[in-house]
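With compact mmCIF, N, CA and C atoms inside, this is model_25.txt:
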# COMPACT_ATOMS: atom_id res chain seq x y z
N MET A 293 0.84 -1.18 0.00
CA MET A 293 0.00 0.00 0.00
C MET A 293 0.88 1.24 0.00
N ALA A 294 0.55 2.18 -0.83
CA ALA A 294 1.36 3.37 -0.97
C ALA A 294 1.26 4.29 0.24
N CYS A 295 0.12 4.28 0.93
CA CYS A 295 -0.05 5.21 2.04
C CYS A 295 0.75 4.80 3.27
N CYS A 296 1.10 3.54 3.40
CA CYS A 296 1.78 3.07 4.62
C CYS A 296 3.29 2.93 4.43
N GLY A 297 3.76 2.91 3.23
CA GLY A 297 5.19 2.82 2.99
C GLY A 297 5.72 1.39 2.92
N LYS A 298 4.87 0.39 3.11
CA LYS A 298 5.34 -0.98 3.01
C LYS A 298 4.22 -1.84 2.46
N SER A 299 4.57 -2.97 1.93
CA SER A 299 3.60 -3.89 1.36
C SER A 299 3.48 -5.10 2.27
N ASN A 300 2.26 -5.47 2.60
CA ASN A 300 2.01 -6.60 3.48
C ASN A 300 1.32 -7.74 2.75
N VAL A 301 1.59 -7.88 1.46
CA VAL A 301 0.95 -8.93 0.68
C VAL A 301 1.43 -10.29 1.20
N GLY A 302 0.46 -11.12 1.56
CA GLY A 302 0.79 -12.46 2.03
C GLY A 302 1.28 -12.52 3.46
N SER A 303 1.05 -11.49 4.26
CA SER A 303 1.54 -11.52 5.64
C SER A 303 0.67 -12.43 6.49
N LYS A 304 1.21 -12.84 7.62
CA LYS A 304 0.49 -13.73 8.52
C LYS A 304 -0.74 -13.03 9.10
N GLU A 305 -0.60 -11.74 9.43
CA GLU A 305 -1.72 -11.02 10.02
C GLU A 305 -2.91 -10.96 9.06
N ARG A 306 -2.64 -10.81 7.77
CA ARG A 306 -3.72 -10.77 6.79
C ARG A 306 -4.45 -12.11 6.76
N GLY A 307 -3.72 -13.19 6.78
CA GLY A 307 -4.34 -14.50 6.78
C GLY A 307 -5.18 -14.75 8.02
N VAL A 308 -4.66 -14.34 9.17
CA VAL A 308 -5.40 -14.51 10.42
C VAL A 308 -6.65 -13.64 10.41
N ARG A 309 -6.53 -12.43 9.88
CA ARG A 309 -7.67 -11.52 9.83
C ARG A 309 -8.77 -12.10 8.93
N ILE A 310 -8.39 -12.67 7.80
CA ILE A 310 -9.38 -13.29 6.91
C ILE A 310 -10.03 -14.48 7.61
N LEU A 311 -9.24 -15.28 8.31
CA LEU A 311 -9.77 -16.43 9.02
C LEU A 311 -10.74 -16.00 10.12
N VAL A 312 -10.35 -15.01 10.90
CA VAL A 312 -11.22 -14.54 11.98
C VAL A 312 -12.49 -13.93 11.41
N GLY A 313 -12.37 -13.19 10.30
CA GLY A 313 -13.56 -12.63 9.66
C GLY A 313 -14.52 -13.71 9.20
N ALA A 314 -13.98 -14.77 8.62
CA ALA A 314 -14.83 -15.88 8.17
C ALA A 314 -15.51 -16.57 9.35
N ILE A 315 -14.78 -16.72 10.44
CA ILE A 315 -15.35 -17.35 11.63
C ILE A 315 -16.47 -16.48 12.20
N LEU A 316 -16.24 -15.17 12.26
CA LEU A 316 -17.25 -14.28 12.81
C LEU A 316 -18.49 -14.20 11.93
N VAL A 317 -18.30 -14.25 10.61
CA VAL A 317 -19.46 -14.27 9.72
C VAL A 317 -20.27 -15.55 9.95
N THR A 318 -19.57 -16.66 10.11
CA THR A 318 -20.24 -17.93 10.39
C THR A 318 -21.01 -17.85 11.70
N LEU A 319 -20.40 -17.26 12.72
CA LEU A 319 -21.08 -17.12 14.01
C LEU A 319 -22.31 -16.24 13.90
N ALA A 320 -22.22 -15.17 13.13
CA ALA A 320 -23.36 -14.26 12.99
C ALA A 320 -24.55 -14.95 12.34
N TYR A 321 -24.29 -15.82 11.36
CA TYR A 321 -25.39 -16.52 10.71
C TYR A 321 -25.88 -17.71 11.51
N SER A 322 -25.04 -18.28 12.34
CA SER A 322 -25.46 -19.45 13.11
C SER A 322 -26.25 -19.06 14.35
N HIS A 323 -26.05 -17.88 14.87
CA HIS A 323 -26.77 -17.43 16.06
C HIS A 323 -27.90 -16.50 15.63
N GLN A 324 -29.04 -17.05 15.35
CA GLN A 324 -30.16 -16.25 14.87
C GLN A 324 -30.79 -15.40 15.97
N LEU A 325 -30.45 -15.67 17.22
CA LEU A 325 -30.99 -14.86 18.31
C LEU A 325 -30.36 -13.47 18.34
N ASN A 326 -29.18 -13.33 17.79
CA ASN A 326 -28.49 -12.05 17.77
C ASN A 326 -28.70 -11.38 16.42
N GLU A 327 -29.81 -10.69 16.28
CA GLU A 327 -30.12 -10.06 15.01
C GLU A 327 -29.21 -8.86 14.73
N TRP A 328 -28.57 -8.33 15.74
CA TRP A 328 -27.71 -7.16 15.59
C TRP A 328 -26.25 -7.53 15.47
N ALA A 329 -25.91 -8.80 15.42
CA ALA A 329 -24.50 -9.23 15.43
C ALA A 329 -23.74 -8.77 14.19
N TRP A 330 -24.41 -8.56 13.08
CA TRP A 330 -23.72 -8.13 11.87
C TRP A 330 -23.12 -6.73 12.03
N LEU A 331 -23.63 -5.92 12.95
CA LEU A 331 -23.06 -4.58 13.17
C LEU A 331 -21.62 -4.67 13.68
N GLY A 332 -21.31 -5.69 14.45
CA GLY A 332 -19.95 -5.86 14.93
C GLY A 332 -19.02 -6.42 13.88
N LEU A 333 -19.57 -7.01 12.84
CA LEU A 333 -18.74 -7.58 11.78
C LEU A 333 -18.28 -6.55 10.77
N ILE A 334 -19.05 -5.48 10.60
CA ILE A 334 -18.70 -4.47 9.59
C ILE A 334 -17.32 -3.88 9.83
N PRO A 335 -16.98 -3.43 11.04
CA PRO A 335 -15.63 -2.89 11.24
C PRO A 335 -14.54 -3.93 11.05
N LEU A 336 -14.79 -5.16 11.44
CA LEU A 336 -13.75 -6.19 11.31
C LEU A 336 -13.54 -6.60 9.86
N LEU A 337 -14.57 -6.55 9.04
CA LEU A 337 -14.43 -6.93 7.64
C LEU A 337 -13.91 -5.79 6.78
N THR A 338 -14.24 -4.54 7.15
CA THR A 338 -13.75 -3.40 6.36
C THR A 338 -12.41 -2.89 6.87
N GLY A 339 -12.07 -3.19 8.10
CA GLY A 339 -10.81 -2.70 8.66
C GLY A 339 -10.91 -1.29 9.17
N LEU A 340 -12.10 -0.80 9.47
CA LEU A 340 -12.30 0.55 9.97
C LEU A 340 -12.62 0.49 11.46
N MET A 341 -11.81 1.16 12.26
CA MET A 341 -11.95 1.20 13.73
C MET A 341 -11.92 -0.21 14.32
N VAL A 342 -10.94 -0.98 13.90
CA VAL A 342 -10.81 -2.37 14.35
C VAL A 342 -10.48 -2.44 15.84
N ARG A 343 -9.69 -1.50 16.32
CA ARG A 343 -9.30 -1.54 17.73
C ARG A 343 -10.52 -1.44 18.63
N ALA A 344 -11.39 -0.49 18.38
CA ALA A 344 -12.58 -0.29 19.22
C ALA A 344 -13.56 -1.46 19.08
N SER A 345 -13.80 -1.91 17.86
CA SER A 345 -14.76 -2.99 17.67
C SER A 345 -14.23 -4.31 18.20
N SER A 346 -12.92 -4.53 18.15
CA SER A 346 -12.36 -5.78 18.68
C SER A 346 -12.51 -5.84 20.20
N ILE A 347 -12.26 -4.73 20.85
CA ILE A 347 -12.38 -4.71 22.31
C ILE A 347 -13.85 -4.87 22.72
N ALA A 348 -14.76 -4.21 22.00
CA ALA A 348 -16.18 -4.37 22.30
C ALA A 348 -16.64 -5.80 22.04
N GLY A 349 -16.18 -6.39 20.95
CA GLY A 349 -16.53 -7.78 20.66
C GLY A 349 -16.00 -8.75 21.70
N ALA A 350 -14.78 -8.50 22.17
CA ALA A 350 -14.20 -9.36 23.21
C ALA A 350 -15.01 -9.24 24.51
N ALA A 351 -15.45 -8.03 24.83
CA ALA A 351 -16.26 -7.84 26.04
C ALA A 351 -17.60 -8.58 25.92
N ILE A 352 -18.22 -8.51 24.75
CA ILE A 352 -19.49 -9.22 24.54
C ILE A 352 -19.28 -10.73 24.63
N LEU A 353 -18.21 -11.23 24.04
CA LEU A 353 -17.94 -12.66 24.11
C LEU A 353 -17.70 -13.12 25.55
N MET A 354 -17.03 -12.30 26.34
CA MET A 354 -16.80 -12.68 27.74
C MET A 354 -18.12 -12.66 28.52
N MET A 355 -19.03 -11.75 28.17
CA MET A 355 -20.35 -11.76 28.82
C MET A 355 -21.12 -13.01 28.44
N TYR A 356 -21.04 -13.43 27.17
CA TYR A 356 -21.69 -14.67 26.75
C TYR A 356 -21.07 -15.86 27.48
N TRP A 357 -19.76 -15.82 27.67
CA TRP A 357 -19.07 -16.91 28.36
C TRP A 357 -19.58 -17.03 29.79
N MET A 358 -19.74 -15.90 30.48
CA MET A 358 -20.21 -15.94 31.86
C MET A 358 -21.68 -16.31 31.95
N ALA A 359 -22.46 -16.00 30.93
CA ALA A 359 -23.89 -16.32 30.96
C ALA A 359 -24.14 -17.82 30.85
N HIS A 360 -23.23 -18.56 30.23
CA HIS A 360 -23.41 -19.99 30.04
C HIS A 360 -22.76 -20.82 31.14
N MET A 361 -22.27 -20.20 32.19
CA MET A 361 -21.50 -20.94 33.18
C MET A 361 -22.36 -21.81 34.09
N ASP A 362 -21.89 -22.99 34.30
CA ASP A 362 -22.36 -23.90 35.34
C ASP A 362 -21.08 -24.39 36.00
N PHE A 363 -20.44 -23.49 36.78
CA PHE A 363 -19.07 -23.63 37.22
C PHE A 363 -18.77 -25.02 37.74
N PRO A 364 -17.68 -25.63 37.38
CA PRO A 364 -16.57 -25.20 36.54
C PRO A 364 -16.78 -25.50 35.06
N TYR A 365 -17.93 -26.08 34.69
CA TYR A 365 -18.19 -26.38 33.29
C TYR A 365 -18.91 -25.21 32.64
N ILE A 366 -18.74 -25.06 31.35
CA ILE A 366 -19.34 -23.92 30.68
C ILE A 366 -20.70 -24.31 30.11
N GLU A 367 -20.75 -24.95 28.97
CA GLU A 367 -22.03 -25.32 28.37
C GLU A 367 -22.35 -26.80 28.58
N ASN A 368 -21.32 -27.61 28.56
CA ASN A 368 -21.52 -29.04 28.74
C ASN A 368 -20.30 -29.61 29.48
N PRO A 369 -20.36 -30.84 29.91
CA PRO A 369 -19.24 -31.41 30.67
C PRO A 369 -17.93 -31.52 29.90
N ASN A 370 -17.97 -31.40 28.58
CA ASN A 370 -16.73 -31.47 27.79
C ASN A 370 -15.90 -30.19 27.86
N ASN A 371 -16.54 -29.07 28.19
CA ASN A 371 -15.82 -27.79 28.28
C ASN A 371 -15.52 -27.48 29.73
N PHE A 372 -14.27 -27.43 30.07
CA PHE A 372 -13.87 -27.12 31.44
C PHE A 372 -13.23 -25.74 31.46
N ILE A 373 -13.95 -24.74 31.92
CA ILE A 373 -13.55 -23.34 32.06
C ILE A 373 -13.34 -22.65 30.71
N ILE A 374 -12.56 -23.22 29.80
CA ILE A 374 -12.27 -22.55 28.53
C ILE A 374 -13.12 -23.16 27.43
N ASP A 375 -13.79 -22.29 26.67
CA ASP A 375 -14.52 -22.74 25.50
C ASP A 375 -14.29 -21.75 24.36
N TYR A 376 -15.07 -21.83 23.32
CA TYR A 376 -14.82 -21.02 22.14
C TYR A 376 -14.99 -19.52 22.38
N HIS A 377 -15.79 -19.12 23.38
CA HIS A 377 -15.94 -17.70 23.67
C HIS A 377 -14.60 -17.07 24.06
N ILE A 378 -13.84 -17.75 24.88
CA ILE A 378 -12.54 -17.22 25.32
C ILE A 378 -11.55 -17.21 24.17
N VAL A 379 -11.57 -18.23 23.34
CA VAL A 379 -10.65 -18.29 22.21
C VAL A 379 -10.92 -17.14 21.24
N TYR A 380 -12.19 -16.90 20.92
CA TYR A 380 -12.54 -15.80 20.01
C TYR A 380 -12.22 -14.45 20.64
N ALA A 381 -12.45 -14.30 21.94
CA ALA A 381 -12.13 -13.03 22.61
C ALA A 381 -10.63 -12.77 22.56
N LEU A 382 -9.82 -13.79 22.77
CA LEU A 382 -8.37 -13.61 22.68
C LEU A 382 -7.93 -13.25 21.25
N LEU A 383 -8.57 -13.85 20.25
CA LEU A 383 -8.26 -13.49 18.86
C LEU A 383 -8.62 -12.03 18.57
N LEU A 384 -9.75 -11.58 19.09
CA LEU A 384 -10.14 -10.18 18.87
C LEU A 384 -9.18 -9.22 19.56
N ILE A 385 -8.75 -9.55 20.76
CA ILE A 385 -7.78 -8.70 21.46
C ILE A 385 -6.46 -8.68 20.70
N TRP A 386 -6.07 -9.81 20.15
CA TRP A 386 -4.85 -9.87 19.35
C TRP A 386 -4.95 -8.97 18.12
N LEU A 387 -6.12 -8.96 17.48
CA LEU A 387 -6.33 -8.07 16.33
C LEU A 387 -6.21 -6.61 16.74
N ALA A 388 -6.72 -6.27 17.92
CA ALA A 388 -6.62 -4.88 18.38
C ALA A 388 -5.18 -4.50 18.67
N VAL A 389 -4.43 -5.39 19.28
CA VAL A 389 -3.03 -5.09 19.62
C VAL A 389 -2.16 -4.98 18.38
N LYS A 390 -2.39 -5.81 17.39
CA LYS A 390 -1.57 -5.83 16.18
C LYS A 390 -1.97 -4.78 15.15
N LYS A 391 -2.95 -3.94 15.47
CA LYS A 391 -3.42 -2.90 14.54
C LYS A 391 -3.82 -3.51 13.20
N ALA A 392 -4.71 -4.48 13.25
CA ALA A 392 -5.09 -5.22 12.05
C ALA A 392 -5.79 -4.36 11.02
N GLY A 393 -6.36 -3.25 11.40
CA GLY A 393 -7.03 -2.38 10.44
C GLY A 393 -6.08 -1.70 9.48
N HIS A 394 -4.79 -1.67 9.79
CA HIS A 394 -3.80 -1.06 8.92
C HIS A 394 -3.31 -2.02 7.84
N ILE A 395 -3.71 -3.27 7.90
CA ILE A 395 -3.30 -4.26 6.91
C ILE A 395 -4.50 -4.50 6.00
N TYR A 396 -4.48 -3.94 4.83
CA TYR A 396 -5.59 -4.03 3.88
C TYR A 396 -6.91 -3.62 4.51
N GLY A 397 -6.89 -2.61 5.34
CA GLY A 397 -8.10 -2.10 5.95
C GLY A 397 -8.20 -0.60 5.76
N LEU A 398 -9.32 -0.06 6.15
CA LEU A 398 -9.54 1.38 5.98
C LEU A 398 -8.86 2.21 7.07
N ASP A 399 -8.41 1.60 8.15
CA ASP A 399 -7.73 2.36 9.20
C ASP A 399 -6.48 3.07 8.69
N ALA A 400 -5.74 2.43 7.81
CA ALA A 400 -4.52 3.04 7.27
C ALA A 400 -4.85 4.28 6.46
N LEU A 401 -5.93 4.24 5.73
CA LEU A 401 -6.33 5.39 4.91
C LEU A 401 -6.92 6.51 5.76
N VAL A 402 -7.80 6.16 6.67
CA VAL A 402 -8.52 7.15 7.47
C VAL A 402 -7.63 7.80 8.52
N SER A 403 -6.62 7.10 9.00
CA SER A 403 -5.78 7.64 10.07
C SER A 403 -4.98 8.87 9.63
N ASN A 404 -4.86 9.12 8.33
CA ASN A 404 -4.15 10.30 7.84
C ASN A 404 -5.04 11.53 7.71
N TRP A 405 -6.33 11.41 7.91
CA TRP A 405 -7.24 12.54 7.78
C TRP A 405 -7.04 13.50 8.96
N LYS A 406 -7.19 14.78 8.71
CA LYS A 406 -7.00 15.79 9.76
C LYS A 406 -8.05 15.66 10.85
N ALA A 407 -9.28 15.33 10.48
CA ALA A 407 -10.34 15.19 11.48
C ALA A 407 -10.03 14.07 12.46
N ILE A 408 -9.40 13.02 11.99
CA ILE A 408 -9.03 11.91 12.87
C ILE A 408 -7.83 12.29 13.73
N GLN A 409 -6.86 12.99 13.15
CA GLN A 409 -5.65 13.39 13.87
C GLN A 409 -5.95 14.34 15.02
N HIS A 410 -6.98 15.17 14.88
CA HIS A 410 -7.29 16.17 15.91
C HIS A 410 -8.34 15.69 16.93
N ASN A 411 -8.83 14.48 16.79
CA ASN A 411 -9.82 13.93 17.71
C ASN A 411 -9.22 12.71 18.40
N PRO A 412 -8.83 12.83 19.68
CA PRO A 412 -8.14 11.72 20.36
C PRO A 412 -8.91 10.40 20.40
N PRO A 413 -10.25 10.39 20.65
CA PRO A 413 -10.93 9.09 20.64
C PRO A 413 -10.92 8.42 19.26
N LEU A 414 -11.11 9.20 18.21
CA LEU A 414 -11.06 8.61 16.86
C LEU A 414 -9.65 8.20 16.49
N ARG A 415 -8.66 8.96 16.94
CA ARG A 415 -7.27 8.61 16.67
C ARG A 415 -6.93 7.28 17.34
N TRP A 416 -7.43 7.07 18.54
CA TRP A 416 -7.22 5.80 19.24
C TRP A 416 -7.95 4.66 18.54
N ALA A 417 -9.20 4.89 18.14
CA ALA A 417 -10.02 3.84 17.52
C ALA A 417 -9.45 3.39 16.18
N THR A 418 -8.81 4.29 15.44
CA THR A 418 -8.23 3.92 14.14
C THR A 418 -6.77 3.54 14.26
N SER A 419 -6.26 3.44 15.46
CA SER A 419 -4.87 3.05 15.73
C SER A 419 -3.88 4.02 15.11
N ALA A 420 -4.26 5.30 15.02
CA ALA A 420 -3.38 6.30 14.43
C ALA A 420 -2.36 6.82 15.44
N SER A 421 -2.58 6.56 16.71
CA SER A 421 -1.69 7.10 17.73
C SER A 421 -0.40 6.32 17.84

Starting from the file, give its structure as structure tokens.
Amino acid sequence: MACCGKSNVGSKERGVRILVGAILVTLAYSHQLNEWAWLGLIPLLTGLMVRASSIAGAAILMMYWMAHMDFPYIENPNNFIIDYHIVYALLLIWLAVKKAGHIYGLDALVSNWKAIQHNPPLRWATSAS
């Protein structure tokens, strides 16, 4: 990408981001009770404000994890403390830490705008800081 000064074609982060996006799309369609779940997928698939949406998604997944608890088992006797909610939450936190929106995402483009540079919450959300 010309705006970032380096090319990340074929990088590991891009592959993980595509994999996580596919998993989240699958989750959104499999959980019909969450009619609003697609709103959380838009930032992760477009790469816009990935840091904020990843942290919010991880918080929601941890709430779902606690809602299914029958301590020490989660949903069934096969899951002992750790289940897919924790794994997905850790993946989302990893995306936020690695600034995944800057790899083939809109965060790299938007972070150079003056309106983003002069607004600290937006600068943080687009990983421009």

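Compared by their closest atoms to Gly393 of chain A, and using only N, CA and C atoms, the residues A:Gly313, A:Met361, A:Trp405, A:Met341 rank with A:Met341 nearest.
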
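For the atom pair formed by atom CA of Ser419 of chain A and atom N of Leu384 of chain A, the distance is 15.8 Å, given to one decimal.
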
Task: Counting all atoms listed in the file, the option among A:Leu353, A:Ile395, A:Ala400, A:Ala388 closest to Glu305 of chain A - done: A:Ile395

TODO: Would you mind reading off the distance between atom C of Ala351 of chain A and atom C of Ile378 of chain A, one decimal, in Å?
DONE: 10.7 Å

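Here atom CA of Ile408 of chain A is placed at a distance of 17.3 Å from atom CA of Thr338 of chain A.
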
TODO: Name the residues in contact with Ala344 of chain A at a cut-off of 7 Å, using all atoms listed in the file, excluding same-chain residues fewer than 3 positions from it; report them as a list of chain:residue names.
DONE: A:Met341, A:Ile347, A:Ala348, A:Gly349, A:Ala388, A:Trp416, A:Ala417, A:Thr418

TODO: For Val312 of chain A, please output as a PyMOL selection string all residues within 8 Å (counting only N, CA and C atoms; exclusion window: fewer than 6 positions along the same chain).
DONE: chain A and resi 306+318+336+383-384
